[in-house]
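Text of structure.cif (mmCIF, C-alpha atoms and all ligand atoms) as supplied:
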```cif
data_upload
#
loop_
_atom_site.label_atom_id
_atom_site.label_comp_id
_atom_site.auth_asym_id
_atom_site.auth_seq_id
_atom_site.Cartn_x
_atom_site.Cartn_y
_atom_site.Cartn_z
CA MET S 11 -101.72 -166.82 -130.30
CA THR S 12 -101.51 -167.40 -134.05
CA VAL S 13 -104.54 -167.61 -136.32
CA THR S 14 -103.90 -171.35 -136.59
CA ASP S 15 -103.99 -171.70 -132.80
CA LEU S 16 -107.19 -169.70 -132.72
CA ILE S 17 -108.91 -171.89 -135.29
CA ALA S 18 -107.68 -175.04 -133.56
CA SER S 19 -109.04 -173.85 -130.23
CA TYR S 20 -112.55 -173.60 -131.72
CA ASP S 21 -112.53 -176.85 -133.67
CA PRO S 22 -114.56 -179.36 -131.68
CA ALA S 23 -112.70 -182.21 -133.33
CA LEU S 24 -109.46 -180.86 -131.90
CA ALA S 25 -110.85 -179.82 -128.55
CA PRO S 26 -109.71 -181.79 -125.50
CA ASP S 27 -111.44 -185.11 -125.14
CA PRO S 28 -114.55 -184.66 -123.00
CA LEU S 29 -113.94 -188.17 -121.78
CA ALA S 30 -110.55 -187.39 -120.34
CA PRO S 31 -110.09 -186.72 -116.63
CA ASP S 32 -110.85 -183.11 -115.74
CA PRO S 33 -107.48 -181.44 -115.02
CA LEU S 34 -109.24 -178.89 -112.82
CA VAL S 35 -110.63 -181.51 -110.45
CA PRO S 36 -107.95 -183.31 -108.39
CA GLY S 37 -108.42 -187.05 -108.56
CA HIS S 38 -111.12 -186.80 -111.25
CA VAL S 39 -111.64 -190.07 -113.13
CA SER S 40 -112.98 -190.24 -116.69
CA TRP S 41 -116.28 -192.04 -117.03
CA ARG S 42 -114.53 -194.20 -119.64
CA ASP S 43 -112.79 -195.91 -116.75
CA LEU S 44 -115.98 -196.57 -114.79
CA PRO S 45 -118.51 -199.39 -115.24
CA ALA S 46 -121.32 -198.43 -117.65
CA ALA S 47 -124.54 -200.38 -117.18
CA GLN S 48 -126.92 -201.23 -120.03
CA GLN S 49 -124.47 -200.77 -122.92
CA PRO S 50 -125.09 -202.87 -126.06
CA ASP S 51 -122.69 -205.64 -126.90
CA TRP S 52 -121.58 -204.20 -130.26
CA PRO S 53 -120.26 -207.10 -132.34
CA ASP S 54 -118.07 -204.83 -134.48
CA GLN S 55 -116.05 -202.33 -132.42
CA SER S 56 -114.29 -200.78 -135.42
CA ALA S 57 -117.65 -200.05 -137.07
CA LEU S 58 -118.76 -198.38 -133.84
CA ALA S 59 -115.58 -196.28 -133.72
CA ALA S 60 -116.08 -195.18 -137.34
CA VAL S 61 -119.64 -194.00 -136.73
CA MET S 62 -118.60 -192.21 -133.54
CA ALA S 63 -115.80 -190.42 -135.41
CA ASP S 64 -118.33 -189.25 -138.02
CA LEU S 65 -120.80 -188.05 -135.41
CA GLY S 66 -117.95 -186.30 -133.63
CA SER S 67 -117.53 -184.01 -136.61
CA CYS S 68 -121.27 -183.38 -137.19
CA ALA S 69 -123.06 -180.31 -135.95
CA PRO S 70 -124.62 -180.75 -132.52
CA LEU S 71 -128.42 -180.97 -132.55
CA VAL S 72 -128.81 -178.26 -129.91
CA LEU S 73 -126.59 -175.38 -128.81
CA PRO S 74 -125.21 -174.58 -125.36
CA GLU S 75 -127.13 -171.29 -125.17
CA GLU S 76 -130.40 -173.18 -125.67
CA SER S 77 -129.56 -175.61 -122.89
CA ASP S 78 -128.64 -172.66 -120.69
CA ARG S 79 -132.05 -171.10 -121.43
CA LEU S 80 -133.77 -174.31 -120.37
CA ARG S 81 -131.66 -174.33 -117.22
CA ASP S 82 -133.00 -170.86 -116.43
CA ARG S 83 -136.54 -172.07 -117.03
CA LEU S 84 -136.01 -175.09 -114.79
CA ALA S 85 -134.60 -172.80 -112.11
CA ALA S 86 -138.04 -171.16 -112.09
CA VAL S 87 -139.58 -174.62 -111.58
CA ALA S 88 -137.17 -175.31 -108.70
CA ARG S 89 -138.10 -171.96 -107.11
CA GLY S 90 -141.82 -172.67 -107.40
CA GLU S 91 -142.45 -170.10 -110.13
CA ALA S 92 -143.25 -172.43 -113.03
CA VAL S 93 -144.43 -175.97 -113.74
CA LEU S 94 -142.92 -178.54 -116.09
CA ILE S 95 -144.69 -180.89 -118.43
CA GLN S 96 -142.29 -183.41 -119.95
CA GLY S 97 -143.50 -186.23 -122.13
CA GLY S 98 -143.64 -188.28 -125.27
CA ASP S 99 -142.96 -191.84 -126.35
CA CYS S 100 -141.31 -194.42 -124.16
CA ALA S 101 -139.23 -195.21 -127.23
CA GLU S 102 -139.25 -193.15 -130.41
CA THR S 103 -138.91 -195.18 -133.60
CA PHE S 104 -137.29 -194.48 -136.95
CA GLY S 105 -140.68 -195.20 -138.53
CA GLY S 106 -142.36 -192.57 -136.37
CA THR S 107 -140.98 -189.36 -137.84
CA SER S 108 -143.91 -188.35 -140.04
CA GLU S 109 -145.15 -184.77 -139.80
CA ARG S 110 -148.53 -186.01 -138.60
CA GLN S 111 -147.11 -188.06 -135.74
CA ILE S 112 -144.74 -185.35 -134.54
CA ARG S 113 -147.43 -182.68 -134.74
CA ALA S 114 -149.87 -184.89 -132.80
CA LYS S 115 -147.33 -185.35 -130.00
CA LEU S 116 -146.60 -181.61 -129.89
CA THR S 117 -150.32 -180.82 -129.75
CA THR S 118 -150.82 -183.26 -126.87
CA LEU S 119 -147.86 -181.77 -124.98
CA ASP S 120 -149.19 -178.29 -125.61
CA GLN S 121 -152.71 -179.11 -124.46
CA MET S 122 -151.45 -180.73 -121.27
CA ALA S 123 -149.23 -177.71 -120.62
CA THR S 124 -152.15 -175.33 -121.13
CA VAL S 125 -154.37 -177.24 -118.69
CA LEU S 126 -151.62 -177.58 -116.08
CA SER S 127 -150.53 -173.97 -116.39
CA ALA S 128 -154.07 -172.67 -115.89
CA ALA S 129 -154.62 -174.93 -112.87
CA ALA S 130 -151.32 -174.06 -111.18
CA GLY S 131 -151.59 -170.38 -112.10
CA LEU S 132 -147.98 -170.58 -113.30
CA PRO S 133 -146.23 -170.68 -116.67
CA ALA S 134 -145.64 -174.22 -118.00
CA ILE S 135 -142.30 -175.29 -119.47
CA ARG S 136 -142.69 -177.88 -122.23
CA ILE S 137 -140.08 -180.59 -122.75
CA GLY S 138 -140.61 -183.51 -125.14
CA ARG S 139 -139.32 -187.01 -124.68
CA ILE S 140 -138.53 -186.40 -128.30
CA ALA S 141 -135.82 -185.95 -130.95
CA GLY S 142 -133.43 -188.41 -129.30
CA GLN S 143 -135.39 -190.93 -127.19
CA TYR S 144 -134.18 -193.96 -129.17
CA SER S 145 -132.34 -196.06 -126.55
CA LYS S 146 -133.88 -198.24 -123.84
CA PRO S 147 -132.54 -199.83 -120.64
CA ARG S 148 -133.94 -203.34 -120.20
CA SER S 149 -134.46 -205.77 -117.31
CA ASN S 150 -132.85 -208.71 -119.14
CA PRO S 151 -130.10 -208.78 -121.79
CA THR S 152 -131.91 -211.48 -123.76
CA GLU S 153 -135.45 -212.54 -124.55
CA VAL S 154 -136.76 -216.06 -125.16
CA ILE S 155 -139.72 -216.75 -127.48
CA ASP S 156 -140.73 -220.32 -128.34
CA GLY S 157 -137.39 -221.60 -127.12
CA LEU S 158 -135.34 -219.13 -129.20
CA GLU S 159 -133.08 -216.81 -127.18
CA LEU S 160 -132.02 -213.52 -128.77
CA PRO S 161 -130.60 -210.19 -127.56
CA VAL S 162 -133.34 -207.96 -126.16
CA TYR S 163 -134.57 -204.93 -128.13
CA ARG S 164 -132.67 -201.89 -126.81
CA GLY S 165 -134.31 -199.19 -128.90
CA ASP S 166 -134.10 -198.28 -132.58
CA SER S 167 -130.65 -196.71 -132.02
CA VAL S 168 -129.25 -200.19 -131.27
CA ASN S 169 -131.31 -202.93 -132.93
CA SER S 170 -134.73 -203.71 -134.36
CA VAL S 171 -137.78 -204.86 -132.40
CA GLU S 172 -138.43 -207.67 -134.91
CA PHE S 173 -137.58 -211.08 -133.38
CA THR S 174 -134.90 -212.47 -135.70
CA PRO S 175 -131.16 -212.93 -135.06
CA GLU S 176 -130.32 -210.41 -137.78
CA ALA S 177 -132.76 -207.76 -136.49
CA ARG S 178 -131.60 -208.08 -132.90
CA ARG S 179 -127.90 -207.75 -133.71
CA PRO S 180 -126.66 -204.36 -132.38
CA ASP S 181 -125.68 -202.24 -135.39
CA PRO S 182 -123.79 -198.96 -134.83
CA GLU S 183 -125.13 -197.57 -138.12
CA ARG S 184 -128.36 -197.21 -136.15
CA LEU S 185 -126.71 -194.57 -133.96
CA ARG S 186 -126.07 -192.52 -137.07
CA ARG S 187 -129.73 -192.96 -137.99
CA ALA S 188 -130.77 -191.92 -134.48
CA TYR S 189 -128.84 -188.67 -134.98
CA HIS S 190 -130.50 -188.01 -138.33
CA SER S 191 -133.99 -188.96 -137.12
CA SER S 192 -133.48 -186.62 -134.17
CA ALA S 193 -132.45 -183.86 -136.59
CA VAL S 194 -135.54 -184.42 -138.76
CA THR S 195 -137.80 -184.34 -135.71
CA LEU S 196 -136.13 -181.29 -134.24
CA ASN S 197 -136.37 -179.51 -137.56
CA LEU S 198 -140.14 -179.91 -137.55
CA ILE S 199 -140.38 -178.90 -133.89
CA ARG S 200 -138.42 -175.73 -134.65
CA ALA S 201 -140.58 -175.02 -137.70
CA VAL S 202 -143.84 -175.50 -135.80
CA THR S 203 -142.85 -173.67 -132.62
CA GLY S 204 -140.23 -171.29 -133.96
CA GLY S 205 -142.32 -168.12 -134.22
CA ALA S 206 -141.04 -165.20 -132.16
CA GLU S 207 -144.24 -165.14 -130.10
CA THR S 208 -144.27 -168.86 -129.24
CA GLU S 209 -142.46 -170.38 -126.28
CA ALA S 210 -139.92 -173.08 -127.17
CA VAL S 211 -140.45 -176.81 -126.87
CA TYR S 212 -137.25 -178.30 -125.48
CA THR S 213 -135.95 -181.81 -126.20
CA SER S 214 -134.89 -184.53 -123.78
CA HIS S 215 -134.01 -188.20 -123.69
CA GLU S 216 -132.38 -190.76 -121.42
CA ALA S 217 -128.60 -190.46 -121.73
CA LEU S 218 -128.04 -194.20 -122.06
CA ILE S 219 -125.56 -195.01 -124.83
CA LEU S 220 -122.51 -193.16 -123.61
CA ASP S 221 -120.49 -193.55 -126.82
CA TYR S 222 -123.25 -191.66 -128.65
CA GLU S 223 -123.59 -188.97 -125.98
CA ALA S 224 -119.83 -188.43 -125.87
CA ALA S 225 -119.58 -188.21 -129.67
CA LEU S 226 -122.11 -185.37 -129.64
CA THR S 227 -120.58 -183.55 -126.68
CA ARG S 228 -118.96 -180.25 -127.60
CA ARG S 229 -116.81 -177.73 -125.84
CA ASP S 230 -118.57 -174.38 -125.64
CA SER S 231 -116.25 -171.80 -127.18
CA ARG S 232 -117.74 -169.09 -124.91
CA THR S 233 -116.73 -170.77 -121.67
CA GLY S 234 -114.56 -173.79 -122.47
CA ARG S 235 -117.14 -175.99 -120.71
CA TYR S 236 -118.76 -179.13 -122.12
CA TYR S 237 -122.34 -179.52 -123.31
CA ALA S 238 -124.14 -182.58 -124.58
CA GLY S 239 -125.32 -181.64 -128.08
CA SER S 240 -127.83 -184.50 -128.43
CA GLY S 241 -130.69 -182.71 -126.63
CA HIS S 242 -131.42 -179.88 -124.22
CA LEU S 243 -132.03 -181.94 -121.08
CA LEU S 244 -130.62 -185.42 -120.48
CA TRP S 245 -131.78 -187.73 -117.77
CA ILE S 246 -130.18 -190.71 -116.10
CA GLY S 247 -132.59 -193.61 -115.62
CA GLU S 248 -133.41 -195.72 -112.60
CA ARG S 249 -131.23 -198.58 -113.91
CA THR S 250 -128.09 -196.53 -114.62
CA ARG S 251 -127.87 -194.12 -111.69
CA GLN S 252 -125.13 -196.02 -109.80
CA LEU S 253 -123.16 -193.42 -107.81
CA ASP S 254 -119.83 -194.92 -108.90
CA GLY S 255 -120.95 -195.62 -112.46
CA ALA S 256 -120.13 -194.08 -115.83
CA HIS S 257 -123.54 -192.49 -116.47
CA LEU S 258 -123.44 -190.15 -113.51
CA ALA S 259 -119.78 -189.34 -114.14
CA PHE S 260 -120.72 -188.33 -117.68
CA ALA S 261 -123.70 -186.26 -116.51
CA ALA S 262 -121.48 -184.52 -113.96
CA ARG S 263 -119.14 -183.52 -116.80
CA VAL S 264 -121.67 -181.62 -118.97
CA ASP S 265 -123.36 -178.32 -118.20
CA ASN S 266 -126.81 -179.14 -119.61
CA PRO S 267 -129.68 -179.31 -117.16
CA VAL S 268 -129.83 -182.94 -116.02
CA ALA S 269 -132.44 -185.11 -114.34
CA VAL S 270 -132.26 -188.39 -112.43
CA LYS S 271 -135.08 -190.90 -112.02
CA LEU S 272 -135.70 -192.02 -108.46
CA GLY S 273 -137.58 -195.26 -107.84
CA PRO S 274 -139.15 -196.51 -104.59
CA SER S 275 -135.86 -197.92 -103.26
CA ALA S 276 -134.07 -194.55 -103.46
CA THR S 277 -132.93 -193.25 -100.08
CA ALA S 278 -132.57 -189.68 -98.86
CA ASP S 279 -128.81 -190.25 -98.52
CA GLU S 280 -128.66 -191.34 -102.15
CA ALA S 281 -130.54 -188.22 -103.19
CA MET S 282 -128.03 -186.10 -101.28
CA ALA S 283 -125.09 -187.95 -102.88
CA LEU S 284 -126.63 -187.29 -106.30
CA ILE S 285 -126.90 -183.60 -105.47
CA ASP S 286 -123.26 -183.48 -104.31
CA LEU S 287 -122.15 -185.15 -107.54
CA LEU S 288 -124.34 -183.36 -110.10
CA ASP S 289 -125.09 -180.04 -108.45
CA PRO S 290 -122.17 -179.27 -106.14
CA GLU S 291 -122.77 -175.52 -106.51
CA ARG S 292 -126.46 -175.92 -105.56
CA GLU S 293 -127.72 -174.04 -108.62
CA PRO S 294 -131.48 -174.18 -109.15
CA GLY S 295 -132.19 -175.46 -112.67
CA ARG S 296 -129.19 -177.76 -112.86
CA LEU S 297 -130.80 -180.84 -111.30
CA THR S 298 -134.30 -182.26 -111.53
CA PHE S 299 -135.42 -185.33 -109.62
CA ILE S 300 -138.04 -187.37 -111.47
CA THR S 301 -139.68 -189.63 -108.91
CA ARG S 302 -141.37 -192.85 -110.13
CA MET S 303 -142.51 -194.56 -106.97
CA GLY S 304 -145.77 -196.25 -107.93
CA ALA S 305 -149.23 -195.22 -106.73
CA ARG S 306 -149.06 -197.52 -103.73
CA GLN S 307 -145.72 -196.27 -102.45
CA ILE S 308 -145.41 -192.59 -103.25
CA ARG S 309 -147.16 -191.32 -100.11
CA ASP S 310 -144.83 -193.42 -97.91
CA VAL S 311 -141.53 -193.02 -99.73
CA LEU S 312 -141.47 -189.50 -101.16
CA PRO S 313 -141.84 -187.36 -97.97
CA GLU S 314 -138.49 -188.35 -96.47
CA LEU S 315 -136.62 -187.63 -99.71
CA VAL S 316 -138.20 -184.22 -100.21
CA ALA S 317 -137.85 -183.28 -96.53
CA LYS S 318 -134.16 -184.14 -96.34
CA VAL S 319 -133.23 -182.48 -99.64
CA THR S 320 -135.20 -179.37 -98.73
CA ALA S 321 -133.62 -179.19 -95.27
CA SER S 322 -130.17 -179.34 -96.91
CA GLY S 323 -130.91 -176.10 -98.74
CA ALA S 324 -130.52 -177.65 -102.21
CA GLN S 325 -133.05 -176.35 -104.72
CA VAL S 326 -133.86 -179.17 -107.09
CA ALA S 327 -136.99 -179.36 -109.24
CA TRP S 328 -139.30 -182.22 -108.16
CA VAL S 329 -141.13 -183.87 -111.03
CA CYS S 330 -143.49 -186.87 -110.87
CA ASP S 331 -143.30 -189.73 -113.36
CA PRO S 332 -146.52 -191.61 -112.50
CA MET S 333 -145.96 -194.13 -115.32
CA HIS S 334 -142.98 -196.35 -114.53
CA GLY S 335 -144.01 -197.49 -111.06
CA ASN S 336 -147.44 -198.62 -112.27
CA THR S 337 -146.73 -201.12 -115.04
CA PHE S 338 -148.24 -204.62 -114.99
CA THR S 339 -149.14 -207.41 -117.40
CA SER S 340 -152.79 -207.64 -118.45
CA PRO S 341 -154.67 -210.95 -118.60
CA THR S 342 -154.23 -210.66 -122.38
CA GLY S 343 -150.43 -210.64 -121.94
CA HIS S 344 -149.88 -206.95 -122.72
CA LYS S 345 -147.61 -204.70 -120.70
CA THR S 346 -150.04 -202.00 -119.55
CA ARG S 347 -150.90 -199.30 -116.99
CA ARG S 348 -154.19 -198.07 -115.54
CA VAL S 349 -155.08 -194.41 -116.03
CA ALA S 350 -156.56 -194.52 -112.49
CA ASP S 351 -153.21 -195.63 -110.98
CA ILE S 352 -151.38 -192.93 -112.91
CA ALA S 353 -153.82 -190.29 -111.65
CA ASP S 354 -153.52 -191.72 -108.13
CA GLU S 355 -149.72 -191.39 -108.10
CA ALA S 356 -150.03 -187.84 -109.47
CA GLU S 357 -152.46 -187.04 -106.68
CA GLY S 358 -150.11 -188.56 -104.08
CA PHE S 359 -147.29 -186.42 -105.43
CA LEU S 360 -149.36 -183.25 -105.06
CA ALA S 361 -150.49 -184.30 -101.57
CA VAL S 362 -146.92 -184.94 -100.34
CA HIS S 363 -145.72 -181.56 -101.57
CA ARG S 364 -148.78 -179.81 -100.15
CA GLU S 365 -148.09 -181.41 -96.76
CA LEU S 366 -144.42 -180.37 -96.79
CA GLY S 367 -145.03 -176.90 -98.22
CA THR S 368 -142.76 -177.66 -101.20
CA HIS S 369 -143.43 -177.10 -104.89
CA PRO S 370 -144.79 -179.94 -107.04
CA GLY S 371 -142.71 -179.03 -110.08
CA GLY S 372 -144.58 -180.98 -112.72
CA PHE S 373 -145.08 -184.25 -114.53
CA HIS S 374 -143.09 -186.63 -116.71
CA LEU S 375 -145.33 -188.82 -118.87
CA GLU S 376 -145.37 -191.35 -121.66
CA PHE S 377 -148.00 -190.45 -124.24
CA THR S 378 -148.54 -190.23 -127.95
CA GLY S 379 -150.81 -188.01 -130.01
CA ASP S 380 -152.51 -191.02 -131.56
CA PHE S 381 -155.45 -193.12 -130.40
CA VAL S 382 -153.43 -196.15 -129.42
CA THR S 383 -154.74 -198.77 -126.98
CA GLU S 384 -151.83 -199.41 -124.62
CA CYS S 385 -153.03 -198.14 -121.21
CA VAL S 386 -156.41 -199.16 -119.78
CA GLY S 387 -159.12 -196.81 -118.52
CA GLY S 388 -159.89 -193.22 -119.45
CA THR S 389 -163.18 -191.50 -120.28
CA ASP S 390 -163.27 -193.22 -123.65
CA GLU S 391 -162.49 -196.42 -121.82
CA VAL S 392 -159.85 -198.81 -123.09
CA THR S 393 -160.45 -202.31 -121.64
CA PHE S 394 -158.08 -205.28 -121.43
CA GLU S 395 -159.85 -206.73 -124.47
CA ASP S 396 -159.13 -203.54 -126.44
CA LEU S 397 -155.36 -203.64 -125.85
CA GLY S 398 -154.64 -205.79 -128.90
CA ARG S 399 -156.33 -203.37 -131.33
CA ARG S 400 -153.75 -200.64 -131.56
CA TYR S 401 -150.84 -201.60 -129.35
CA GLU S 402 -148.02 -199.84 -131.21
CA SER S 403 -145.38 -199.09 -128.58
CA THR S 404 -142.10 -200.96 -129.01
CA CYS S 405 -141.49 -200.65 -125.27
CA ASP S 406 -143.72 -199.23 -122.48
CA PRO S 407 -147.47 -198.49 -122.80
CA ARG S 408 -148.30 -194.83 -123.54
CA LEU S 409 -151.38 -192.78 -122.80
CA ASN S 410 -153.31 -191.97 -125.96
CA ARG S 411 -154.37 -188.38 -126.65
CA GLY S 412 -157.69 -188.69 -124.80
CA GLN S 413 -156.16 -190.43 -121.79
CA ALA S 414 -153.41 -187.80 -121.59
CA LEU S 415 -156.04 -185.07 -121.44
CA ASP S 416 -158.11 -187.02 -118.90
CA LEU S 417 -155.01 -187.12 -116.73
CA ALA S 418 -154.27 -183.42 -117.24
CA PHE S 419 -157.81 -182.49 -116.14
CA SER S 420 -157.71 -184.77 -113.12
CA VAL S 421 -154.36 -183.29 -112.06
CA ALA S 422 -155.74 -179.80 -112.69
CA ASP S 423 -158.63 -180.46 -110.30
CA ARG S 424 -156.19 -181.46 -107.58
CA TYR S 425 -154.05 -178.37 -108.15
CA ARG S 426 -157.12 -176.17 -107.83
CA SER S 427 -158.32 -177.80 -104.66
CA ALA S 428 -154.80 -177.43 -103.16
C1 LIG O 501 -138.23 -194.64 -119.16
O1 LIG O 501 -138.34 -193.44 -118.83
O2 LIG O 501 -138.68 -195.10 -120.22
C2 LIG O 501 -137.58 -195.55 -118.19
C3 LIG O 501 -137.00 -196.67 -118.57
O3 LIG O 501 -137.70 -195.11 -116.93
P1 LIG O 501 -137.00 -195.57 -115.57
O4 LIG O 501 -135.54 -195.30 -115.73
O5 LIG O 501 -137.64 -194.65 -114.57
O6 LIG O 501 -137.35 -197.00 -115.35
MN MN O 502 -140.68 -196.15 -120.47
#
```

Using structure tokens, write down the structure from this file.
Amino acid sequence: MTVTDLIASYDPALAPDPLAPDPLVPGHVSWRDLPAAQQPDWPDQSALAAVMADLGSCAPLVLPEESDRLRDRLAAVARGEAVLIQGGDCAETFGGTSERQIRAKLTTLDQMATVLSAAAGLPAIRIGRIAGQYSKPRSNPTEVIDGLELPVYRGDSVNSVEFTPEARRPDPERLRRAYHSSAVTLNLIRAVTGGAETEAVYTSHEALILDYEAALTRRDSRTGRYYAGSGHLLWIGERTRQLDGAHLAFAARVDNPVAVKLGPSATADEAMALIDLLDPEREPGRLTFITRMGARQIRDVLPELVAKVTASGAQVAWVCDPMHGNTFTSPTGHKTRRVADIADEAEGFLAVHRELGTHPGGFHLEFTGDFVTECVGGTDEVTFEDLGRRYESTCDPRLNRGQALDLAFSVADRYRSA
């Protein structure tokens, strides 16, 4: 091998396309050739290609060895030796990268982890929905207000929440801004938590916009394998987890720890198919299932999934998202959630695992460090009438700092009594 060959083999820009079929897997199909749900309708494809080319030559936000370390930590969760607390905004915004806001989220995450860790008697792994959570799947491609129909808001990485034709037009320059906002956020996280004696805070987001994820995917020079460089853990959402779709094919192609959301319609066979696709080697730490069943359904739906997966011998981490199955519209017209329903689903999750003798691996939450009024209830009660005061989320309602701690203490009580 010449020096030129050597340099070329380590240049990510010249590395084999992570989108190409895997030559080592007979019959492997690139995710580029599969249907990708929830992708924006970019009006200018050449502008998109230019931004992707730029991002392709930028440094990744996180390194493979960091993602490997998180995989080890999540293996401890899967084995019942640690608990996970994962949380942050439903949708981060470009306007939300002040030091104060980021610190407040980190403090909330830290306090919840401390409470949960003490209650479970196990170390707590902390993962933010942070430094990359800029893209949202939506129920409808458009939104109508006062007779005007416009593309729906898909997160700050795609368009703006403001309701004008110009603001709602998908703009690929926003993906570049998502990368830079992630870098700014991650920089502060590393500065705040970077001391030798402090445990890391890892980053995660929904891997939704596949062009962006692919542009930040790098080949690890140590192993020749691919890693998403956009965050430590990526998850595939409830709306994009089609077994024959592009999102799962992409997730299968990278070595980061990955998670999949499972809603109330998920079957045990689907869970097994997801394991076969994403974790064929059955390695604890590789795959986390984030269940989001709703308080009324979790006790009926979750047992069969956990029982079948456990009986198969696969060691996934089971994490409860008690937010997304409990959303409703308040009489005042706000999208909201009740703290009591969230606590009830969390309790159901613990009860199901207690019954089956399996490990309740932790919680996935939407919260902020600020005193917003988006969810109702809590010790410092937010009522329907209060919702309009500080409703700041551009997407789903988040717990405020006090409500997040109320939830942590209520979950802690259940852990102790278990
Ligand atoms: C989310 O986590 O914000 C989300 C959209 O979740 P789900 O895919 O579970 O609906
Ligand atoms: Mn959400």

Selection within 6 Å of ligand LIG 501 (chain O) by only C-alpha atoms and all ligand atoms, output as a PDB file with C-alpha atoms, in the coordinates of the input:
```pdb
ATOM      1  CA  CYS S 100    -141.310-194.420-124.160  1.00  0.00           C
ATOM      2  CA  PRO S 147    -132.540-199.830-120.640  1.00  0.00           C
ATOM      3  CA  GLY S 247    -132.590-193.610-115.620  1.00  0.00           C
ATOM      4  CA  GLU S 248    -133.410-195.720-112.600  1.00  0.00           C
ATOM      5  CA  ARG S 249    -131.230-198.580-113.910  1.00  0.00           C
ATOM      6  CA  LYS S 271    -135.080-190.900-112.020  1.00  0.00           C
ATOM      7  CA  HIS S 334    -142.980-196.350-114.530  1.00  0.00           C
TER       8      HIS S 334
END
```

Residues at most 9 Å from ligand MN 502 (chain O), using all atoms listed in the file? Could they come as number ranges by chain?
S: 99-101, 146-147, 333-334, 375-376, 405-408

Do a neighbour search on S:Val61 at 8 Å with only C-alpha atoms, toss out local chain neighbours closer than 4 positions, and write the hits as an NGL selection string.
:S and (57 or 65 or 182-183 or 185-186)

May I have a table of the residues of stretch 232-270 of chain S lying at most 10 Å from stretch 128-139 of chain S, giving each one's closest pair of atoms and their distance in Å to one decimal, counting all atoms listed in the file, ordered by chain and ascending residue number, as JSON lines?
```
{"residue": "S:Gly241", "atom": "CA", "partner": "S:Arg139", "partner_atom": "CA", "distance": 9.8}
{"residue": "S:His242", "atom": "CA", "partner": "S:Ile137", "partner_atom": "CA", "distance": 8.8}
{"residue": "S:Leu243", "atom": "CA", "partner": "S:Ile137", "partner_atom": "CA", "distance": 8.3}
{"residue": "S:Leu244", "atom": "CA", "partner": "S:Arg139", "partner_atom": "CA", "distance": 9.8}
```

Mind giving me the straight-line distance from atom CA of S:Ala123 to atom CA of S:Gly323 in Å, one decimal?
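Result for atom CA of S:Ala123 versus atom CA of S:Gly323: 28.6 Å, one decimal.
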
Considering all atoms listed in the file, can you say which of S:Ala317, S:Ala141, S:Ala283, S:Leu366 comes closest to S:Ser191?
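Under the stated criterion, the closest residue is S:Ala141.
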
Please determine, counting all atoms listed in the file, which residue among S:Glu75, S:Val326, S:Val202, S:Arg83 has the shortest atom-to-atom distance to S:Pro294.
S:Val326

Report as a ChimeraX atom specification all protein, DNA and RNA residues lying within 9 Å of S:Arg296, evaluated on all atoms listed in the file, omitting residues in the same chain fewer than 2 positions from it.
/S:81-82,84-85,265-269,288-289,292-294,298,326-327

Kindly give the distance, in Å, that separates atom CA of S:Val87 and atom CA of S:Ile300, rounded to a single decimal.
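Computing it gives 12.8 Å between the two atoms.
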
Taking 3 positions as the minimum chain separation for residues in the same chain, which residues sit within 7 Å of S:Gly66 when counting all atoms listed in the file? Answer as a PyMOL selection string.
chain S and resi 23+62-63+225-226

Which residue, S:Arg424, S:Arg113, S:Arg364, S:Arg348, has the smallest gap to S:Glu391 when you use all atoms listed in the file?
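Counting all atoms listed in the file, the residue closest to S:Glu391 is S:Arg348.
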
Grab the atom CA of S:Ala276 to atom CA of S:Tyr222 distance for me, in Å with one decimal place.
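Going from atom CA of S:Ala276 over to atom CA of S:Tyr222, I get 27.6 Å.
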
Please write as a PDB file with C-alpha atoms, keeping the file's coordinate frame the list of polymer residues whose atoms come within 8 Å of (-140.1, -188.0, -114.9), counting all atoms listed in the file and keeping to the coordinates of the file.
```pdb
ATOM      1  CA  GLN S  96    -142.290-183.410-119.950  1.00  0.00           C
ATOM      2  CA  LYS S 271    -135.080-190.900-112.020  1.00  0.00           C
ATOM      3  CA  PHE S 299    -135.420-185.330-109.620  1.00  0.00           C
ATOM      4  CA  ILE S 300    -138.040-187.370-111.470  1.00  0.00           C
ATOM      5  CA  THR S 301    -139.680-189.630-108.910  1.00  0.00           C
ATOM      6  CA  ARG S 302    -141.370-192.850-110.130  1.00  0.00           C
ATOM      7  CA  VAL S 329    -141.130-183.870-111.030  1.00  0.00           C
ATOM      8  CA  CYS S 330    -143.490-186.870-110.870  1.00  0.00           C
ATOM      9  CA  ASP S 331    -143.300-189.730-113.360  1.00  0.00           C
ATOM     10  CA  PRO S 332    -146.520-191.610-112.500  1.00  0.00           C
ATOM     11  CA  PHE S 373    -145.080-184.250-114.530  1.00  0.00           C
ATOM     12  CA  HIS S 374    -143.090-186.630-116.710  1.00  0.00           C
ATOM     13  CA  LEU S 375    -145.330-188.820-118.870  1.00  0.00           C
TER      14      LEU S 375
END
```

Find the residue from S:Thr195, S:Gln413, S:Gln252, S:Thr368 that sits nearest to S:Leu44; use only C-alpha atoms when measuring.
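Of all the options, S:Gln252 lies closest to S:Leu44.
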
Nearest to S:Arg79 by atom-to-atom distance, counting all atoms listed in the file, from S:Ile352, S:Leu315, S:Ala210, S:Ile308
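The closest residue to S:Arg79 is S:Ala210.
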
Spatial sel., origin (-146.6, -201.4, -108.8), limit 12 Å, only C-alpha atoms, listed as JSON, numbers by chain:
{"S": [273, 274, 302, 303, 304, 305, 306, 307, 308, 332, 333, 334, 335, 336, 337, 338, 339, 346, 347, 348, 351, 352, 354, 355]}
